[in-house]
Protein chains: 2
Amino acid sequence: MVMNTRDKILHCIYEDMKLNGFQGLRPDNAIKKIGLSKGAMYHYFHDKPEIGYLIVEEIIQPEYLAPFIPLLSYEGDPIDYIQNNILQVLKESTDPKTLVLGSPVFNLVQEMAPLDEEFRTRLEIILETARDILSDGIRRGKENGTVVPHADPIQIACFVQSSLAGIYTLAKISRDINLFISNLEMISDVLDGFRQKS
Amino acid sequence: MVMNTRDKILHCIYEDMKLNGFQGLRPDNAIKKIGLSKGAMYHYFHDKPEIGYLIVEEIIQPEYLAPFIPLLSYEGDPIDYIQNNILQVLKESTDPKTLVLGSPVFNLVQEMAPLDEEFRTRLEIILETARDILSDGIRRGKENGTVVPHADPIQIACFVQSSLAGIYTLAKISRDINLFISNLEMISDVLDGFRQKS
DNA sequence: GAACTTACCGACTAACCGGTATGTTACCAG
DNA sequence: CTGGTAACATACCGGTTAGTCGGTAAGTTC
């Protein structure tokens, strides 16, 4: 991937942010790693918060939403999709190292939502979008008969999202990948309960 | 509650920590509010990390574990206990203001677990204890016939804890108390699925 | 090739923060 | 009354950090 200097700086600082959070992030220190100086950074960006907002919009948002997007046009059983393309993928792609770092979205929510309204609204949009995609998927599942009629799409969407958030939190502390997997399976089991028996 | 200066300092800094996290905490600034100075603080404590560890041990741990302890000697249906004495109490005691601040335990986990091993182990003990109490309760529920035999106590305990963690994370961003309540009810519903029909 | 712009460097500054050193006061023991 | 100590206050220090600013080299335009 060829990248201009601006985007290189953004991605480089994003990497630092994944490790240290936003407040712990030292932009100057981070961009040294790609052979650029503070001057370059302040040439492209106004200040530190602006960099944070842009990272959320340009990097974190598309990255987080990517696995949800295909559900928008998915015709089959939404529970299948969630289990196979979200939970299962998460399970397979997660190694102990990324586990302790958690999810960039939820980390930022945790750190910045109460402190900075600009961060909060941007992160809220991301999570709201994901929830909308999930609940809309469940709703269509009810329509095409793959999901039981009494299922509440919004509640299920919230459940999935909140469970994922919780799993990341616990993974940070227990560092036990089995606990992580067991929790993912529990979500899967709960979702099975909303399948329409044919 | 009458308190000596040492404990006053600890509680005062704890309040600041709830707002700003540990890294964002400014001890000097915090204790000004109770009319004490930096000198007093360093008279009672060695450094900032030590204060953090002591807050975890002396304030956060008992506060977080309090609702779980009675389950240790609870003879009835553990699912009843969890629903009525943990989830329900949480639901009733939570106002929008405390909602955005989240749970002190999970906040600290999120912020400090990857950065400071001393914090991590102390927080791990707290969450492990709560999980043990929960899973032991479920196990006894299986024994006395209130919980279905196929229930996995540890998995259910993890599920409850991780769900609670997730709920707090989402509450931080959506600030919608209804989403919080709906999520609590979802946990309740899932737990209902493990009741032994009599 | 002159005028101008873009991209970047790196020294510097002002503020802040954790921690220390040096008091000062109040009380208590002998 | 005196020496000692616990309980603080306050001035200060060293390091760090976000952000500024003057400069420069390499294009770009006309």
# chains A, B, ... in the order shown; residues from 1 in each chain; ligands from 1
call {"tool": "residues_around", "arguments": {"residues": "stretch 128-137 of chain A", "least_positions_apart": "2", "cutoff": "6 Å", "atoms": "only C-alpha atoms (C1' of nucleotides)", "output": "list in words"}}
result
Pro78, Glu124, Ile125, Ile126, Arg139, Arg140, Pro153, Ile154 and Ala157 of chain A
call {"tool": "interface_residues", "arguments": {"of": "chain C", "to": "chain A", "cutoff": "10 Å", "atoms": "only C-alpha atoms (C1' of nucleotides)", "output": "PyMOL selection string"}}
result
chain C and resi 6-10
call {"tool": "write_last_selection", "arguments": {"atoms": "C-alpha atoms (C1' of nucleotides)", "output": "short mmCIF file (atom, residue, chain, number, x, y, z; two decimals), in the first residue's frame"}}
result
data_model
loop_
_atom_site.label_atom_id
_atom_site.label_comp_id
_atom_site.auth_asym_id
_atom_site.auth_seq_id
_atom_site.Cartn_x
_atom_site.Cartn_y
_atom_site.Cartn_z
"C1'" DT C 6 5.08 22.94 -0.24
"C1'" DA C 7 7.30 19.84 2.82
"C1'" DC C 8 9.91 19.31 6.37
"C1'" DC C 9 13.66 20.05 10.21
"C1'" DG C 10 14.99 20.90 14.89
#
call {"tool": "closest_atom_pairs", "arguments": {"of": "chain A", "to": "chain B", "cutoff": "7 Å", "atoms": "only C-alpha atoms", "output": "JSON lines"}}
result
{"residue": "A:Val100", "atom": "CA", "partner": "B:Pro114", "partner_atom": "CA", "distance": 6.2}
{"residue": "A:Leu101", "atom": "CA", "partner": "B:Pro114", "partner_atom": "CA", "distance": 6.8}
{"residue": "A:Asn107", "atom": "CA", "partner": "B:Gln110", "partner_atom": "CA", "distance": 6.9}
{"residue": "A:Val109", "atom": "CA", "partner": "B:Ile173", "partner_atom": "CA", "distance": 6.4}
{"residue": "A:Gln110", "atom": "CA", "partner": "B:Thr169", "partner_atom": "CA", "distance": 6.3}
{"residue": "A:Ala113", "atom": "CA", "partner": "B:Ile173", "partner_atom": "CA", "distance": 6.0}
{"residue": "A:Pro114", "atom": "CA", "partner": "B:Val100", "partner_atom": "CA", "distance": 6.2}
{"residue": "A:Arg120", "atom": "CA", "partner": "B:Ile173", "partner_atom": "CA", "distance": 6.3}
{"residue": "A:Glu124", "atom": "CA", "partner": "B:Ile173", "partner_atom": "CA", "distance": 6.0}
{"residue": "A:Gln155", "atom": "CA", "partner": "B:Ser182", "partner_atom": "CA", "distance": 6.6}
{"residue": "A:Cys158", "atom": "CA", "partner": "B:Asn183", "partner_atom": "CA", "distance": 6.9}
{"residue": "A:Phe159", "atom": "CA", "partner": "B:Asn183", "partner_atom": "CA", "distance": 6.2}
{"residue": "A:Ser162", "atom": "CA", "partner": "B:Gly166", "partner_atom": "CA", "distance": 4.4}
{"residue": "A:Ser163", "atom": "CA", "partner": "B:Ser163", "partner_atom": "CA", "distance": 5.3}
{"residue": "A:Leu164", "atom": "CA", "partner": "B:Gly166", "partner_atom": "CA", "distance": 6.9}
{"residue": "A:Ala165", "atom": "CA", "partner": "B:Gly166", "partner_atom": "CA", "distance": 4.6}
{"residue": "A:Gly166", "atom": "CA", "partner": "B:Gly166", "partner_atom": "CA", "distance": 3.6}
{"residue": "A:Ile167", "atom": "CA", "partner": "B:Ser162", "partner_atom": "CA", "distance": 5.5}
{"residue": "A:Thr169", "atom": "CA", "partner": "B:Gln110", "partner_atom": "CA", "distance": 6.1}
{"residue": "A:Leu170", "atom": "CA", "partner": "B:Ser162", "partner_atom": "CA", "distance": 6.3}
{"residue": "A:Lys172", "atom": "CA", "partner": "B:Ala113", "partner_atom": "CA", "distance": 6.4}
{"residue": "A:Ile173", "atom": "CA", "partner": "B:Ala113", "partner_atom": "CA", "distance": 5.9}
{"residue": "A:Ser174", "atom": "CA", "partner": "B:Glu124", "partner_atom": "CA", "distance": 6.6}
{"residue": "A:Ser182", "atom": "CA", "partner": "B:Gln155", "partner_atom": "CA", "distance": 6.7}
{"residue": "A:Asn183", "atom": "CA", "partner": "B:Phe159", "partner_atom": "CA", "distance": 6.2}
call {"tool": "write_last_selection", "arguments": {"atoms": "C-alpha atoms", "output": "PDB file, in the first residue's frame"}}
result
ATOM      1  CA  VAL A 100      -4.068  -7.846  25.968  1.00  0.00           C
ATOM      2  CA  LEU A 101      -4.318  -4.758  23.811  1.00  0.00           C
ATOM      3  CA  ASN A 107     -10.383   1.100  24.368  1.00  0.00           C
ATOM      4  CA  VAL A 109     -14.627   4.518  24.346  1.00  0.00           C
ATOM      5  CA  GLN A 110     -13.406   3.544  27.756  1.00  0.00           C
ATOM      6  CA  ALA A 113     -15.843   9.034  26.012  1.00  0.00           C
ATOM      7  CA  PRO A 114     -16.236  10.654  29.426  1.00  0.00           C
ATOM      8  CA  ARG A 120     -17.589  10.423  22.165  1.00  0.00           C
ATOM      9  CA  GLU A 124     -20.963   6.609  19.194  1.00  0.00           C
ATOM     10  CA  GLN A 155     -31.970  -6.122  22.090  1.00  0.00           C
ATOM     11  CA  CYS A 158     -27.077  -4.673  21.819  1.00  0.00           C
ATOM     12  CA  PHE A 159     -26.382  -8.004  23.438  1.00  0.00           C
ATOM     13  CA  SER A 162     -22.008  -5.467  24.663  1.00  0.00           C
ATOM     14  CA  SER A 163     -20.827  -9.064  24.974  1.00  0.00           C
ATOM     15  CA  LEU A 164     -17.971  -8.386  22.596  1.00  0.00           C
ATOM     16  CA  ALA A 165     -17.019  -5.309  24.587  1.00  0.00           C
ATOM     17  CA  GLY A 166     -17.082  -7.324  27.793  1.00  0.00           C
ATOM     18  CA  ILE A 167     -15.022 -10.102  26.344  1.00  0.00           C
ATOM     19  CA  THR A 169     -12.275  -6.183  28.868  1.00  0.00           C
ATOM     20  CA  LEU A 170     -11.901  -9.545  30.576  1.00  0.00           C
ATOM     21  CA  LYS A 172      -7.171  -7.748  29.075  1.00  0.00           C
ATOM     22  CA  ILE A 173      -6.906  -8.972  32.587  1.00  0.00           C
ATOM     23  CA  SER A 174      -7.056 -12.748  32.500  1.00  0.00           C
ATOM     24  CA  SER A 182     -15.430 -19.858  26.026  1.00  0.00           C
ATOM     25  CA  ASN A 183     -17.119 -16.478  26.165  1.00  0.00           C
TER      26      ASN A 183
END
call {"tool": "atom_distance", "arguments": {"atom1": "atom CA of A:Pro96", "atom2": "atom CA of A:Pro70"}}
result
27.3 Å
call {"tool": "closest_atom_pairs", "arguments": {"of": "chain D", "to": "chain B", "cutoff": "10 Å", "atoms": "only C-alpha atoms (C1' of nucleotides)", "output": "Markdown table"}}
result
| residue | atom | partner | partner_atom | distance |
| --- | --- | --- | --- | --- |
| D:DA6 | C1' | B:His43 | CA | 9.8 |
| D:DA7 | C1' | B:Ala40 | CA | 7.4 |
| D:DC8 | C1' | B:Ala40 | CA | 5.4 |
| D:DA9 | C1' | B:Gly39 | CA | 6.6 |
| D:DT10 | C1' | B:Gly39 | CA | 8.4 |
call {"tool": "atom_distance", "arguments": {"atom1": "atom CA of A:Phe22", "atom2": "atom CA of A:Ile51"}}
result
9.9 Å
